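Dumped upload.tsv below, it's TSV, C-alpha atoms:
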chain	number	residue	atom	x	y	z
Q	1	MET	CA	-58.33	-16.10	-27.09
Q	2	THR	CA	-58.58	-19.00	-24.67
Q	3	PHE	CA	-59.79	-17.15	-21.60
Q	4	ARG	CA	-63.40	-17.86	-20.67
Q	5	LEU	CA	-64.12	-14.26	-19.75
Q	6	SER	CA	-62.11	-12.71	-22.54
Q	7	LEU	CA	-64.49	-14.11	-25.16
Q	8	SER	CA	-67.03	-11.45	-26.08
Q	9	ALA	CA	-69.95	-13.87	-25.97
Q	10	ILE	CA	-69.31	-14.65	-22.33
Q	11	ALA	CA	-67.34	-11.70	-21.01
Q	12	ALA	CA	-70.44	-10.25	-19.44
Q	13	ALA	CA	-71.74	-13.66	-18.35
Q	14	LEU	CA	-69.22	-14.80	-16.29
Q	15	ALA	CA	-62.50	-19.55	-15.83
Q	16	LEU	CA	-51.73	-27.58	-6.30
Q	17	ALA	CA	-50.13	-27.72	-7.08
Q	18	VAL	CA	-49.49	-31.32	-6.76
Q	19	SER	CA	-52.34	-33.19	-5.14
Q	20	GLY	CA	-50.11	-35.30	-2.96
Q	21	MET	CA	-50.26	-38.05	-5.57
Q	22	ALA	CA	-53.99	-38.60	-5.05
Q	23	GLN	CA	-56.00	-38.76	-8.26
Q	24	THR	CA	-58.46	-35.99	-7.46
Q	25	GLN	CA	-59.23	-32.38	-8.28
Q	26	GLN	CA	-55.71	-31.00	-8.49
Q	27	ALA	CA	-56.20	-27.81	-6.52
Q	28	PRO	CA	-55.83	-27.86	-2.73
Q	29	ASP	CA	-59.17	-28.86	-1.27
Q	30	PRO	CA	-60.13	-26.66	1.71
Q	31	GLN	CA	-63.50	-28.37	2.02
Q	32	ALA	CA	-61.82	-31.71	2.63
Q	33	ALA	CA	-59.84	-30.15	5.47
Q	34	ALA	CA	-63.02	-28.82	7.04
Q	35	ALA	CA	-65.24	-31.87	6.63
Q	36	SER	CA	-65.30	-34.34	9.48
Q	37	THR	CA	-66.39	-37.31	7.37
Q	38	GLU	CA	-66.82	-38.28	3.74
Q	39	PRO	CA	-69.69	-40.38	2.41
Q	40	PRO	CA	-68.57	-43.97	1.83
Q	41	SER	CA	-67.16	-45.03	-1.51
Q	42	TRP	CA	-69.33	-47.01	-3.91
Q	43	SER	CA	-67.34	-49.73	-5.64
Q	44	VAL	CA	-67.90	-52.44	-8.22
Q	45	GLY	CA	-64.90	-54.71	-8.21
Q	46	PRO	CA	-61.75	-52.60	-8.59
Q	47	ILE	CA	-63.64	-49.49	-9.82
Q	48	ASP	CA	-64.80	-46.78	-7.39
Q	49	PHE	CA	-67.84	-44.66	-8.25
Q	50	SER	CA	-68.89	-41.19	-7.06
Q	51	GLY	CA	-71.16	-38.46	-8.37
Q	52	LEU	CA	-73.37	-35.47	-7.73
Q	53	ILE	CA	-76.40	-33.47	-8.86
Q	54	ASP	CA	-76.16	-29.70	-8.30
Q	55	GLY	CA	-78.83	-27.05	-8.96
Q	56	TYR	CA	-79.65	-23.50	-7.83
Q	57	TYR	CA	-81.91	-20.46	-8.05
Q	58	SER	CA	-80.22	-17.04	-8.35
Q	59	LEU	CA	-81.90	-13.66	-7.85
Q	60	ASN	CA	-80.06	-10.73	-9.47
Q	61	PHE	CA	-81.21	-7.41	-7.98
Q	62	ASN	CA	-80.21	-5.58	-11.19
Q	63	HIS	CA	-82.92	-7.61	-12.99
Q	64	PRO	CA	-80.92	-7.77	-16.26
Q	65	GLU	CA	-82.91	-8.46	-19.40
Q	66	SER	CA	-80.21	-10.96	-20.39
Q	67	ARG	CA	-81.01	-13.00	-17.23
Q	68	THR	CA	-77.27	-13.34	-16.79
Q	69	ASN	CA	-75.05	-12.87	-13.75
Q	70	ASN	CA	-72.00	-11.12	-15.16
Q	71	LEU	CA	-68.53	-12.53	-14.41
Q	72	ARG	CA	-69.89	-15.74	-12.87
Q	73	ASN	CA	-68.84	-19.36	-13.17
Q	74	PHE	CA	-70.88	-21.43	-12.75
Q	75	ASP	CA	-73.93	-19.60	-11.37
Q	76	ALA	CA	-74.33	-17.64	-14.59
Q	77	ARG	CA	-78.13	-17.76	-14.96
Q	78	ALA	CA	-80.12	-15.01	-13.21
Q	79	ASN	CA	-83.70	-14.96	-11.92
Q	80	GLN	CA	-84.41	-18.59	-12.80
Q	81	PHE	CA	-83.80	-22.15	-11.71
Q	82	SER	CA	-80.80	-23.85	-13.31
Q	83	LEU	CA	-79.11	-27.24	-13.33
Q	84	ASN	CA	-75.47	-26.52	-12.67
Q	85	MET	CA	-74.01	-30.01	-12.97
Q	86	ALA	CA	-74.78	-33.72	-12.93
Q	87	LYS	CA	-71.61	-35.82	-12.81
Q	88	LEU	CA	-70.52	-39.45	-12.51
Q	89	THR	CA	-66.91	-40.44	-11.74
Q	90	MET	CA	-65.30	-43.83	-12.30
Q	91	GLU	CA	-61.81	-44.38	-10.93
Q	92	HIS	CA	-59.25	-47.08	-10.25
Q	93	THR	CA	-56.21	-46.00	-8.23
Q	94	ALA	CA	-52.92	-46.78	-9.96
Q	95	ASP	CA	-51.53	-50.11	-8.71
Q	96	PRO	CA	-49.41	-49.71	-10.82
Q	97	VAL	CA	-51.92	-48.87	-13.61
Q	98	GLY	CA	-55.08	-46.87	-13.05
Q	99	PHE	CA	-57.52	-44.47	-14.67
Q	100	ARG	CA	-60.14	-41.83	-14.00
Q	101	VAL	CA	-63.15	-40.70	-16.06
Q	102	ASP	CA	-65.57	-37.89	-15.10
Q	103	LEU	CA	-68.72	-37.70	-17.24
Q	104	GLY	CA	-71.55	-35.21	-16.94
Q	105	PHE	CA	-73.79	-32.50	-18.31
Q	106	GLY	CA	-75.39	-29.23	-17.23
Q	107	ARG	CA	-74.64	-25.52	-17.51
Q	108	ALA	CA	-71.29	-25.94	-15.76
Q	109	PHE	CA	-70.08	-28.35	-18.45
Q	110	GLU	CA	-71.05	-25.82	-21.15
Q	111	LEU	CA	-69.06	-23.05	-19.45
Q	112	PHE	CA	-66.22	-25.42	-18.60
Q	113	HIS	CA	-65.74	-26.09	-22.33
Q	114	PHE	CA	-66.74	-22.70	-23.76
Q	115	ALA	CA	-63.29	-21.99	-25.23
Q	116	GLU	CA	-63.04	-25.43	-26.85
Q	117	PRO	CA	-63.01	-25.21	-30.69
Q	118	LYS	CA	-66.25	-26.53	-32.16
Q	119	ASP	CA	-64.71	-28.70	-34.85
Q	120	GLY	CA	-65.77	-32.29	-34.45
Q	121	ILE	CA	-64.79	-33.07	-30.84
Q	122	ASP	CA	-68.09	-32.18	-29.18
Q	123	VAL	CA	-68.06	-35.50	-27.35
Q	124	MET	CA	-65.32	-34.11	-25.09
Q	125	ARG	CA	-67.74	-31.47	-23.81
Q	126	ASN	CA	-69.32	-34.09	-21.58
Q	127	VAL	CA	-65.96	-35.33	-20.30
Q	128	MET	CA	-64.46	-33.31	-17.47
Q	129	GLN	CA	-61.49	-35.64	-17.05
Q	130	ALA	CA	-60.26	-38.80	-18.75
Q	131	TYR	CA	-56.74	-40.00	-18.09
Q	132	VAL	CA	-54.68	-43.12	-17.47
Q	133	SER	CA	-52.12	-43.36	-14.66
Q	134	LEU	CA	-48.93	-45.27	-14.11
Q	135	LYS	CA	-47.22	-45.58	-10.73
Q	136	PRO	CA	-44.13	-47.76	-11.22
Q	137	PRO	CA	-43.16	-49.93	-8.26
Q	138	LYS	CA	-39.98	-48.93	-6.46
Q	139	ALA	CA	-40.03	-45.47	-8.12
Q	140	GLY	CA	-40.36	-43.52	-4.87
Q	141	GLY	CA	-44.01	-42.60	-5.40
Q	142	LEU	CA	-43.58	-41.20	-8.93
Q	143	GLN	CA	-46.90	-41.09	-10.81
Q	144	LEU	CA	-47.41	-40.40	-14.50
Q	145	ASP	CA	-50.76	-39.37	-16.01
Q	146	PHE	CA	-51.80	-38.92	-19.62
Q	147	GLY	CA	-55.04	-37.50	-20.96
Q	148	LYS	CA	-57.41	-34.71	-19.99
Q	149	PHE	CA	-57.17	-33.52	-16.38
Q	150	VAL	CA	-58.28	-30.51	-14.35
Q	151	THR	CA	-55.77	-27.73	-13.80
Q	152	SER	CA	-53.41	-27.59	-10.85
Q	153	ALA	CA	-54.05	-23.87	-10.33
Q	154	GLY	CA	-56.42	-22.34	-7.84
Q	155	ALA	CA	-57.88	-22.94	-4.38
Q	156	GLU	CA	-61.32	-24.09	-5.59
Q	157	PRO	CA	-62.20	-27.51	-7.00
Q	158	THR	CA	-64.73	-27.77	-9.83
Q	159	GLU	CA	-67.38	-29.58	-7.77
Q	160	THR	CA	-69.56	-27.28	-5.67
Q	161	HIS	CA	-69.75	-29.39	-2.50
Q	162	LEU	CA	-65.95	-29.49	-2.27
Q	163	ASN	CA	-65.83	-25.67	-2.12
Q	164	TRP	CA	-66.63	-23.38	0.79
Q	165	ASN	CA	-68.85	-21.04	-1.27
Q	166	TYR	CA	-71.42	-21.86	-3.92
Q	167	SER	CA	-70.19	-19.32	-6.47
Q	168	ARG	CA	-66.60	-19.43	-7.71
Q	169	SER	CA	-64.15	-16.60	-7.25
Q	170	LEU	CA	-63.06	-14.30	-10.07
Q	171	ILE	CA	-59.66	-15.98	-9.84
Q	172	TYR	CA	-61.25	-19.33	-10.62
Q	173	ALA	CA	-63.34	-17.89	-13.45
Q	174	ASN	CA	-60.34	-16.31	-15.14
Q	175	GLY	CA	-57.78	-19.07	-14.78
Q	176	PRO	CA	-57.47	-22.36	-16.64
Q	177	TYR	CA	-60.03	-25.14	-16.11
Q	178	TYR	CA	-58.28	-28.12	-17.67
Q	179	HIS	CA	-55.41	-29.32	-19.86
Q	180	PHE	CA	-54.70	-32.19	-22.23
Q	181	GLY	CA	-51.28	-33.80	-22.18
Q	182	ALA	CA	-48.92	-35.47	-19.72
Q	183	ARG	CA	-47.98	-34.78	-16.13
Q	184	ALA	CA	-45.67	-36.27	-13.52
Q	185	THR	CA	-45.82	-35.88	-9.74
Q	186	MET	CA	-43.20	-36.94	-7.24
Q	187	PRO	CA	-43.08	-36.72	-3.43
Q	188	LEU	CA	-39.58	-35.80	-2.29
Q	189	ASN	CA	-40.43	-36.48	1.35
Q	190	SER	CA	-43.53	-36.75	3.53
Q	191	HIS	CA	-44.20	-32.98	3.33
Q	192	PHE	CA	-42.98	-31.79	-0.07
Q	193	SER	CA	-43.98	-32.80	-3.61
Q	194	VAL	CA	-43.08	-31.49	-7.05
Q	195	GLY	CA	-44.65	-31.88	-10.46
Q	196	ALA	CA	-44.18	-31.11	-14.13
Q	197	GLN	CA	-46.67	-30.97	-17.00
Q	198	LEU	CA	-46.43	-30.78	-20.79
Q	199	VAL	CA	-49.84	-29.92	-22.23
Q	200	ASN	CA	-51.50	-28.53	-25.35
Q	201	GLY	CA	-52.55	-25.34	-23.59
Q	202	TRP	CA	-55.48	-23.94	-21.62
Q	203	ASN	CA	-58.99	-25.32	-22.04
Q	204	THR	CA	-58.33	-27.08	-25.33
Q	205	VAL	CA	-58.10	-30.79	-26.08
Q	206	GLU	CA	-56.73	-30.15	-29.56
Q	207	ASP	CA	-54.07	-27.44	-29.69
Q	208	ILE	CA	-54.60	-24.17	-31.56
Q	209	ASN	CA	-50.88	-23.89	-32.39
Q	210	SER	CA	-47.79	-26.07	-32.64
Q	211	GLY	CA	-46.32	-24.86	-29.35
Q	212	LYS	CA	-46.77	-26.50	-25.96
Q	213	THR	CA	-47.41	-25.19	-22.47
Q	214	VAL	CA	-45.18	-26.23	-19.57
Q	215	GLY	CA	-46.51	-26.41	-16.02
Q	216	LEU	CA	-44.42	-26.62	-12.84
Q	217	THR	CA	-46.00	-27.31	-9.45
Q	218	THR	CA	-44.95	-27.68	-5.82
Q	219	ALA	CA	-46.89	-28.62	-2.70
Q	220	LEU	CA	-45.66	-28.12	0.86
Q	221	THR	CA	-47.90	-29.62	3.53
Q	222	SER	CA	-46.97	-29.54	7.20
Q	223	GLY	CA	-49.42	-29.71	10.06
Q	224	MET	CA	-51.76	-26.73	9.98
Q	225	VAL	CA	-50.12	-25.01	6.97
Q	226	SER	CA	-50.11	-25.95	3.29
Q	227	TRP	CA	-48.50	-23.94	0.50
Q	228	TYR	CA	-49.11	-24.64	-3.18
Q	229	ASN	CA	-47.36	-23.01	-6.17
Q	230	ASN	CA	-48.21	-23.33	-9.86
Q	231	TYR	CA	-46.52	-21.80	-12.89
Q	232	TYR	CA	-47.64	-22.19	-16.51
Q	233	VAL	CA	-45.86	-20.79	-19.56
Q	234	GLY	CA	-46.52	-21.27	-23.27
Q	235	PRO	CA	-48.21	-19.82	-26.36
Q	236	GLU	CA	-51.99	-19.63	-25.93
Q	237	LYS	CA	-52.92	-17.86	-29.16
Q	238	ALA	CA	-52.99	-19.07	-32.74
Q	239	GLY	CA	-49.78	-18.58	-34.68
Q	240	LEU	CA	-47.39	-18.73	-31.69
Q	241	GLU	CA	-47.91	-15.01	-31.07
Q	242	GLY	CA	-46.14	-14.62	-27.74
Q	243	ASN	CA	-46.09	-16.66	-24.55
Q	244	ARG	CA	-48.46	-16.42	-21.63
Q	245	HIS	CA	-46.87	-16.53	-18.17
Q	246	PHE	CA	-49.17	-17.39	-15.26
Q	247	TYR	CA	-48.39	-17.84	-11.56
Q	248	ASP	CA	-50.92	-19.08	-9.02
Q	249	GLY	CA	-50.21	-19.52	-5.31
Q	250	VAL	CA	-52.40	-20.79	-2.47
Q	251	LEU	CA	-51.69	-20.62	1.27
Q	252	LEU	CA	-54.09	-22.84	3.24
Q	253	LEU	CA	-54.35	-22.68	7.06
Q	254	THR	CA	-56.19	-25.37	9.00
Q	255	PRO	CA	-55.82	-24.51	12.70
Q	256	SER	CA	-58.74	-26.79	13.63
Q	257	SER	CA	-61.39	-28.99	12.07
Q	258	ARG	CA	-63.91	-26.15	12.46
Q	259	ALA	CA	-61.86	-23.14	11.31
Q	260	ASN	CA	-60.02	-22.95	7.99
Q	261	PHE	CA	-58.60	-20.10	5.92
Q	262	TYR	CA	-56.91	-19.60	2.55
Q	263	VAL	CA	-55.30	-16.85	0.50
Q	264	ASN	CA	-55.10	-17.23	-3.30
Q	265	PHE	CA	-52.85	-15.00	-5.45
Q	266	ASP	CA	-52.66	-14.83	-9.26
Q	267	TYR	CA	-50.43	-12.89	-11.64
Q	268	GLY	CA	-50.48	-13.25	-15.40
Q	269	VAL	CA	-48.78	-11.70	-18.43
Q	270	ASP	CA	-49.68	-12.35	-22.06
Q	271	LYS	CA	-47.05	-11.18	-24.53
Q	272	LEU	CA	-48.37	-9.53	-27.71
Q	273	LYS	CA	-47.12	-9.87	-31.26
Q	274	GLY	CA	-44.75	-7.03	-32.12
Q	275	GLY	CA	-44.15	-6.13	-28.47
Q	276	GLY	CA	-46.27	-5.05	-25.58
Q	277	LYS	CA	-48.22	-7.18	-23.15
Q	278	SER	CA	-51.48	-7.65	-21.33
Q	279	SER	CA	-51.42	-8.34	-17.62
Q	280	TRP	CA	-53.67	-8.99	-14.66
Q	281	ILE	CA	-53.25	-9.44	-10.91
Q	282	ALA	CA	-55.67	-10.74	-8.28
Q	283	VAL	CA	-55.88	-11.80	-4.66
Q	284	ALA	CA	-58.68	-13.55	-2.77
Q	285	GLY	CA	-59.11	-14.61	0.84
Q	286	ALA	CA	-61.73	-16.91	2.34
Q	287	ALA	CA	-62.62	-18.63	5.58
Q	288	ARG	CA	-64.87	-21.48	6.66
Q	289	ILE	CA	-66.18	-21.52	10.22
Q	290	ALA	CA	-68.19	-24.62	11.17
Q	291	LEU	CA	-70.44	-23.67	14.08
Q	292	ASN	CA	-71.60	-27.26	14.52
Q	293	ASP	CA	-71.88	-30.48	12.50
Q	294	TRP	CA	-74.65	-29.15	10.23
Q	295	PHE	CA	-74.05	-25.39	9.81
Q	296	ALA	CA	-71.07	-23.37	8.58
Q	297	LEU	CA	-70.39	-19.77	7.50
Q	298	SER	CA	-67.92	-18.93	4.72
Q	299	PRO	CA	-67.02	-15.31	3.90
Q	300	ARG	CA	-64.82	-14.46	0.88
Q	301	VAL	CA	-63.30	-11.17	-0.31
Q	302	GLU	CA	-61.45	-10.55	-3.56
Q	303	HIS	CA	-59.75	-7.88	-5.63
Q	304	TYR	CA	-59.17	-8.39	-9.35
Q	305	TYR	CA	-57.27	-5.86	-11.48
Q	306	ASP	CA	-57.71	-6.36	-15.23
Q	307	ARG	CA	-55.00	-3.88	-16.19
Q	308	THR	CA	-55.59	-3.84	-19.96
Q	309	GLY	CA	-59.06	-5.35	-20.34
Q	310	PHE	CA	-57.61	-8.62	-21.62
Q	311	ILE	CA	-59.70	-10.75	-19.26
Q	312	THR	CA	-63.10	-9.04	-19.10
Q	313	GLY	CA	-62.95	-6.90	-22.23
Q	314	THR	CA	-62.82	-3.74	-20.09
Q	315	LYS	CA	-59.91	-2.17	-18.22
Q	316	GLN	CA	-61.18	-2.20	-14.64
Q	317	LYS	CA	-60.67	-3.00	-10.98
Q	318	ILE	CA	-63.28	-5.43	-9.66
Q	319	LYS	CA	-64.01	-6.36	-6.06
Q	320	GLU	CA	-66.35	-8.98	-4.70
Q	321	PHE	CA	-67.68	-9.97	-1.30
Q	322	THR	CA	-69.49	-13.24	-0.69
Q	323	MET	CA	-71.13	-14.67	2.41
Q	324	THR	CA	-72.30	-18.28	2.30
Q	325	GLY	CA	-74.31	-20.22	4.84
Q	326	GLU	CA	-74.18	-24.00	4.51
Q	327	PHE	CA	-76.80	-26.34	5.93
Q	328	LYS	CA	-75.90	-30.04	5.85
Q	329	MET	CA	-79.19	-31.89	6.36
Q	330	LYS	CA	-77.42	-35.26	6.30
Q	331	GLU	CA	-74.24	-36.72	4.86
Q	332	GLY	CA	-74.59	-36.62	1.08
Q	333	PHE	CA	-76.96	-33.63	0.86
Q	334	LEU	CA	-76.40	-29.94	1.55
Q	335	THR	CA	-78.07	-26.58	0.94
Q	336	ARG	CA	-76.30	-23.24	0.61
Q	337	LEU	CA	-77.73	-19.75	0.94
Q	338	GLU	CA	-75.40	-17.12	-0.50
Q	339	TYR	CA	-75.29	-13.33	-0.84
Q	340	ARG	CA	-72.69	-11.86	-3.20
Q	341	ARG	CA	-71.82	-8.33	-4.25
Q	342	ASP	CA	-69.52	-7.52	-7.20
Q	343	TRP	CA	-68.52	-3.94	-7.96
Q	344	SER	CA	-66.23	-2.21	-10.45
Q	345	ASP	CA	-64.67	1.22	-10.83
Q	346	VAL	CA	-66.43	1.55	-14.23
Q	347	PRO	CA	-70.00	0.75	-15.33
Q	348	PHE	CA	-69.89	-2.91	-16.39
Q	349	PHE	CA	-72.82	-4.96	-15.04
Q	350	ASP	CA	-76.10	-5.42	-16.94
Q	351	ARG	CA	-79.07	-3.64	-15.41
Q	352	GLY	CA	-82.73	-3.48	-16.36
Q	353	ALA	CA	-84.57	-4.05	-19.60
Q	354	LEU	CA	-82.86	-1.25	-21.54
Q	355	GLY	CA	-79.44	-2.87	-21.47
Q	356	GLY	CA	-77.81	-0.16	-19.36
Q	357	LEU	CA	-74.64	-0.76	-17.38
Q	358	HIS	CA	-74.17	-0.40	-13.63
Q	359	LYS	CA	-71.11	-0.35	-11.38
Q	360	ASN	CA	-72.31	-3.10	-9.07
Q	361	GLN	CA	-74.22	-6.37	-9.04
Q	362	ASP	CA	-75.94	-7.95	-6.02
Q	363	THR	CA	-77.25	-11.50	-6.05
Q	364	LEU	CA	-78.96	-13.86	-3.63
Q	365	LEU	CA	-78.71	-17.58	-4.36
Q	366	VAL	CA	-79.95	-20.84	-2.92
Q	367	GLY	CA	-78.24	-24.03	-4.08
Q	368	PHE	CA	-78.83	-27.74	-3.51
Q	369	VAL	CA	-76.23	-30.48	-3.94
Q	370	ALA	CA	-76.75	-34.23	-3.55
Q	371	TYR	CA	-73.62	-36.36	-3.80
Q	372	PHE	CA	-72.33	-39.85	-3.11
Q	373	GLY	CA	-68.88	-41.31	-2.75
Q	374	PRO	CA	-65.88	-39.07	-2.08
Q	375	GLY	CA	-67.02	-36.86	-5.00
Q	376	ARG	CA	-63.40	-36.05	-5.80
Rewrite the structure of this file - the entire thing - as structure tokens.
Amino acid sequence: MTFRLSLSAIAAALALAVSGMAQTQQAPDPQAAAASTEPPSWSVGPIDFSGLIDGYYSLNFNHPESRTNNLRNFDARANQFSLNMAKLTMEHTADPVGFRVDLGFGRAFELFHFAEPKDGIDVMRNVMQAYVSLKPPKAGGLQLDFGKFVTSAGAEPTETHLNWNYSRSLIYANGPYYHFGARATMPLNSHFSVGAQLVNGWNTVEDINSGKTVGLTTALTSGMVSWYNNYYVGPEKAGLEGNRHFYDGVLLLTPSSRANFYVNFDYGVDKLKGGGKSSWIAVAGAARIALNDWFALSPRVEHYYDRTGFITGTKQKIKEFTMTGEFKMKEGFLTRLEYRRDWSDVPFFDRGALGGLHKNQDTLLVGFVAYFGPGR
């Protein structure tokens, strides 16, 4: 099973639309809408460089013996310091040929690639993205990419400093991270773009079956409102045992440079061999309020209904509330202090040294991110 949280080894531990033709994280980027400036690009000839180092300390008030924050990506380690991610990006914008490579290591890269088969392609575990681009002249803005690229689904980019919160939502944790294959994006006018993808599947470089997954994306951007839709369909289990249908939608509101809001909705169905299906539905809402140039508050609320236990291994309704305070000491370095509470309608979260389960989980986290270049 290709879901990150549906794997038994990580179920308790924890993962656009079109990007307007920019070669970046494919999800809509609320942080970019809220930020007043970006650190300058670092370039060597025609190649632009960017990168980051991201670490945190997380206190879990359940004090689980496993030292694991259940259902978390990427802040999975509890009651200890952890290196989340160190990443370097090299990019050349298509003119008409370009490329992008993201290299890195850290706990986030391990979780990012957890579902990847361990059969001789371990080198890809340190590669978040690697693709070539072609943007033919006089083609109306059409761009073609081939290789490994991050998913179009979701409101949250992979890099922490491009998000509003430090921790990722349950929607992010239970959706796809990346794909390997081909994609095309095309702006139809100055406000509307469409895209199509043909990929091996979810979170696999080498396919686990002979079928392919098709992705369709749209992006509508107009003034203070942006609307992104993503639909993926294809077989995601070995043996072509039924298709998985997945819809992800994001509505992003940017009424001012200091106040931003989004709503993210997911619905998925995985057809089973011989009939029947597993399904899940989720909605999350978040805001970012910048009180001044160096401090912002970002609340997030979420409801996730794992109807059959396909995602988490347990049939349950999960809610989470997160409040994040961001302190930007200077451009290129920020600190986040975050409180988060997850709770379920059934005992699910690790608690204490005896391995008992509890209905809720409260954590307090402090994270540090240093970055240079656009970091996208």
### Task
Might you pull out every residue within 7 Å of Gly239 (chain Q), with only C-alpha atoms counted and same-chain residues fewer than 2 positions away left off, and present them as a ChimeraX atom specification?
/Q:209,237,241
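Around His179 (chain Q), within 6 Å and counting all atoms listed in the file, the residues found are Lys148, Phe149, Trp202 and Asn203 of chain Q, once anything fewer than 5 positions away on its own chain is removed.
Straight-line separation from CA of Lys271 (chain Q) to CA of Arg244 (chain Q): 6.2 Å.
The residue set within 6 Å of Thr185 (chain Q), counting all atoms listed in the file and dropping same-chain residues fewer than 3 places from it, reads Leu142, Gln143, Val194 and Gly195 of chain Q.
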Can you spit out the residues from that selection as a tab-separated table (two decimals), in the coordinates of the input, using C-alpha atoms?
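Everything below was put into selection_17.tsv:
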chain	number	residue	atom	x	y	z
Q	142	LEU	CA	-43.58	-41.20	-8.93
Q	143	GLN	CA	-46.90	-41.09	-10.81
Q	194	VAL	CA	-43.08	-31.49	-7.05
Q	195	GLY	CA	-44.65	-31.88	-10.46
### Task
Rank Q:Tyr305, Q:Tyr267, Q:Phe81, Q:Tyr371 by their smallest atom-to-atom distance to Leu334 (chain Q), using all atoms listed in the file, and report the top residue only.
Q:Tyr371
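The spacing separating CA of Ser152 (chain Q) from CA of Met128 (chain Q) amounts to 14.1 Å.
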### Message
I'd like to know which of Q:Leu365, Q:Leu252, Q:Ile171, Q:Val101 is closest to His303 (chain Q), using all atoms listed in the file.
### Response
Q:Ile171
